[in-house]
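Participant: Input: one structure, supplied below.
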Amino acid sequence: MLPRQFLDRMQRMLGEEYPAFLDGYEKTKAYSLRINRQKGTIEELKKKTSFLSKKVPWTENGYYYKEEDRPGKHPFHEAGAYYIQEASAMASAVYLDAQPGERVLDLCAAPGGKSTQIADAMQGKGLLVSNEINPSRAKSLAENIERMGIKNALVVSHEPAFLAQRFPEYFDRILVDAPCSGEGMFRKNEETVREWSCENVLMCAQRQAEILENAAVMLRPGGRMVYSTCTFSTEENEETISGFLKMHPEFEIEEVEKFSGMAPGMPPLEKAVRLWPHKLEGEGHFLASLKKEGYQPIQAESLYGEEKGISPKDCKDWLAFKEQYIKTNLNGVYFKLGDQLYLLPKGAPSLKGLKVLRPGLHLGTFKKNRFEPSHALALALKPKETVCCYGLSVNEAADYIAGNTFLTEGEKGWYLITVEGYSLGWGKLAGNVMKNHYPKGLRK
């Protein structure tokens with residue numbers, strides 16, 4: 001049962017469209033995923049699967065699938081070949097239009113759908129800062145960044161106000177996918193219906209205004225900020241943006257292409273985008289693309305400058321492993337946390353005082369007189385980038401994910417385990433037994 005106050009408001013908002021909106025709650029919800037082009041091409045995945053049916057209109061690599069296909073149970077999911085993501089939720093990162101080499105902030109990033117979509121667009125070049133204030137949700141964000149094989153992301157957990165002090169006019173693009181009352185998810189998530197109230201809508205709107213204020217500080221002159229929610233209320237959408245624009249004359253709302261099924265924002269904010277579930281295959285969303293006036297030719301520094309990291313001379317065991325097993329260059333700044341080694345993208349900000357869950361790419365662990373590669377490193381590498389690979393079929397991959405070892409012949413040492421060309425994890429061959437190094441916490 002939908003809240004009466006919600007229904008009354010929607011009737012006033014939609015007028016003669018209201019019956020069609022109500023009928024939409026009886027429709028079967030759409031299922032969709034987004035192909036990770038950093039792992040392989042769209043054409044390759046199409047050849048290897050049968051569950052990609054129809055394209056999502058507003059993104060090149062988004063596809064619908066049928067509920068019975070269950071792609072989340074397929075080994076390709078664990079290999080990061082795709083991310084299961086609601087179709088409407090893909091739109092905001094499309095309009096952000098992040099480019100390789102830029103500095104990009106996803107300010108409210110968990111669980112990671114939009115961050116991993118932004119990373120795909122950046123092609124591993126530049127810096128992506130993915131922030132999530134809730135520690136448990138930030139952990140899920142870091143896990144999804146790892147699964148998708150992303151090398152250039154810094155996952156942090158802070159209040160937006162703290163980040164604004166650290167990064168004034170630092171980012172080229174910022175996504176503010178703001179916490180909201182979730183009305184657009186009512187069809188998908190019954191819990192959001194139980195939690196809804198008019199008071200919560202107003203509380204969300206106040207919090208969104210505060211988040212936008214801090215985001216504005218961090219965007220460089222000439223930069224783009226996309227604001228999005230998964231709710232219908234004008235208080236959290238058009239009114240929030242209108243209020244922000246009144247306070248910030250240096251920003252203007254951009255006119256953007258509206259794809260099939262998309263609608264303009266409510267007056268007077270028609271340049272915004274509304275995604276109504278009765279008009280397209282997806283849930284309810286709102287977004288607005290905002291441009292900051294001016295131009296900043298020289299990138300600003302963060303409060304503590306760039307991260308210097310540690311010298312390669314302090315990474316001898318890693319360098320020996322790399323020389324023996326990896327054929328590609330991995331450039332960046334080495335950063336050590338305890339016995340863990342990470343690779344930050346060049347030009348990454350100093351990590352001093354930051355709550356960091358994932359400082360770039362986790363390379364692995366320093367053990368006594370040796371280096372043990374991380375699962376993240378395996379997922380970030382392609383088969384052609386390693387010296388030793390061992391390919392599995394889909395059925396064999398399920399056994400590997402379950403933690404099983406298997407017999408095989410070959411030179412002893414580390415092997416990148418793959419499933420039909422997608423990297424899946426590490427194995428270590430000794431005495432014709434391939435020992436399984438798939439993380440115990442991920443085994444199924």
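Chain identifiers are assigned as A, B, and so on, following the order in which chains appear in the structure tokens; residues are numbered from 1 within each chain, and ligands are numbered from 1 in order of appearance.
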Determine, using only C-alpha atoms, which residues of range 235-343 of chain A have any atom at most 12 Å from an atom of range 197-202 of chain A, and tabulate each with its shortest atom pair and distance in Å to one decimal place, rows ordered by chain and then rising number, as CSV.

Facilitator:
residue,atom,partner,partner_atom,distance
A:Glu235,CA,A:Leu202,CA,7.0
A:Glu236,CA,A:Val201,CA,7.0
A:Asn237,CA,A:Val201,CA,10.6
A:Glu239,CA,A:Leu202,CA,11.0
A:Thr240,CA,A:Leu202,CA,10.4

Participant: Write the residues you've just listed into a file as a PDB file, in the first residue's frame, and include C-alpha atoms for each of them.

Facilitator:
ATOM      1  CA  GLU A 235      11.163  19.554  -2.826  1.00  0.00           C
ATOM      2  CA  GLU A 236      14.145  17.232  -3.332  1.00  0.00           C
ATOM      3  CA  ASN A 237      14.503  17.903  -7.044  1.00  0.00           C
ATOM      4  CA  GLU A 239      13.154  23.139  -5.605  1.00  0.00           C
ATOM      5  CA  THR A 240      16.564  22.000  -4.358  1.00  0.00           C
TER       6      THR A 240
END

Participant: So that I can check the surroundings of range 439-444 of chain A, please list as a JSON list (two decimals) with C-alpha atoms, in the first residue's frame every protein, DNA and RNA residue that reaches within 7 Å of it, counting only C-alpha atoms and ignoring chain neighbours fewer than 6 positions away.

Facilitator:
[["chain", "number", "residue", "atom", "x", "y", "z"],
["A", 401, "ILE", "CA", 34.87, -19.86, -7.03],
["A", 402, "ALA", "CA", 33.80, -22.51, -4.50],
["A", 403, "GLY", "CA", 37.45, -22.83, -3.44]]

Participant: What is the CA of Glu257 in chain A-CA of Glu44 in chain A distance in Å, reported with one decimal?

Facilitator: 29.2 Å

Participant: With only C-alpha atoms counted and 10 Å as the cut-off, give the residues of range 351-392 of chain A in contact with range 75-85 of chain A, each with its shortest interatomic distance in Å and the pair that gives it, as a Markdown table.

Facilitator:
| residue | atom | partner | partner_atom | distance |
| --- | --- | --- | --- | --- |
| A:Ala378 | CA | A:Ala79 | CA | 9.6 |
| A:Leu379 | CA | A:Ala79 | CA | 6.8 |
| A:Ala380 | CA | A:Gly80 | CA | 9.5 |

Participant: Looking only at helix (DSSP H, G or I) from DSSP on the backbone, list the matching residues of range 339-382 of chain A as a list in words.

Facilitator: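 So the helix (DSSP H, G or I) residues in range 339-382 of chain A would be His375, Ala376, Leu377, Ala378, Leu379 and Ala380 of chain A.
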
Participant: Might you pull out every residue within 8 Å of Lys428 in chain A, with only C-alpha atoms counted and same-chain residues fewer than 2 positions away left off, and present them as a short mmCIF file (atom, residue, chain, number, x, y, z; two decimals) with N, CA and C atoms, in the first residue's frame?

Facilitator:
data_model
loop_
_atom_site.label_atom_id
_atom_site.label_comp_id
_atom_site.auth_asym_id
_atom_site.auth_seq_id
_atom_site.Cartn_x
_atom_site.Cartn_y
_atom_site.Cartn_z
N LYS A 412 55.89 -24.54 -12.07
CA LYS A 412 55.35 -24.11 -10.78
C LYS A 412 55.37 -22.57 -10.70
N GLY A 413 54.46 -22.04 -9.92
CA GLY A 413 54.40 -20.59 -9.75
C GLY A 413 52.98 -20.07 -9.85
N TRP A 414 52.86 -18.74 -9.96
CA TRP A 414 51.57 -18.06 -9.96
C TRP A 414 50.95 -18.05 -11.36
N TYR A 415 49.64 -18.32 -11.40
CA TYR A 415 48.87 -18.31 -12.64
C TYR A 415 47.65 -17.41 -12.47
N TRP A 426 43.74 -15.73 -8.65
CA TRP A 426 45.05 -16.36 -8.74
C TRP A 426 45.00 -17.84 -8.38
N ALA A 430 51.94 -26.09 -7.83
CA ALA A 430 53.06 -26.78 -7.17
C ALA A 430 52.75 -28.27 -7.13
N MET A 434 47.03 -27.17 -8.65
CA MET A 434 46.80 -25.73 -8.70
C MET A 434 46.07 -25.33 -7.42
N LYS A 435 46.83 -24.71 -6.51
CA LYS A 435 46.24 -24.27 -5.25
C LYS A 435 45.35 -23.06 -5.50
N ASN A 436 44.22 -23.03 -4.83
CA ASN A 436 43.21 -22.02 -5.06
C ASN A 436 43.45 -20.80 -4.17
N HIS A 437 43.64 -19.63 -4.77
CA HIS A 437 43.84 -18.40 -4.01
C HIS A 437 42.66 -17.45 -4.16
#

Participant: Can you work out which one of A:Leu280, A:Ile150, A:Ile298, A:Cys388 has the shortest atom-to-atom distance to Phe21 in chain A, counting only C-alpha atoms?

Facilitator: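 Among the listed residues, A:Leu280 lies closest to Phe21 in chain A.
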
Participant: Have a look at CA of Arg103 in chain A and CA of Val56 in chain A and let me know their distance in Å, one decimal.

Facilitator: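 For CA of Arg103 in chain A relative to CA of Val56 in chain A, the distance reads 27.1 Å.
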
Participant: If you count only C-alpha atoms, which residues fall within 7 Å of Glu283 in chain A, apart from same-chain ones fewer than 5 positions away, as a count of residues only?

Facilitator: 5
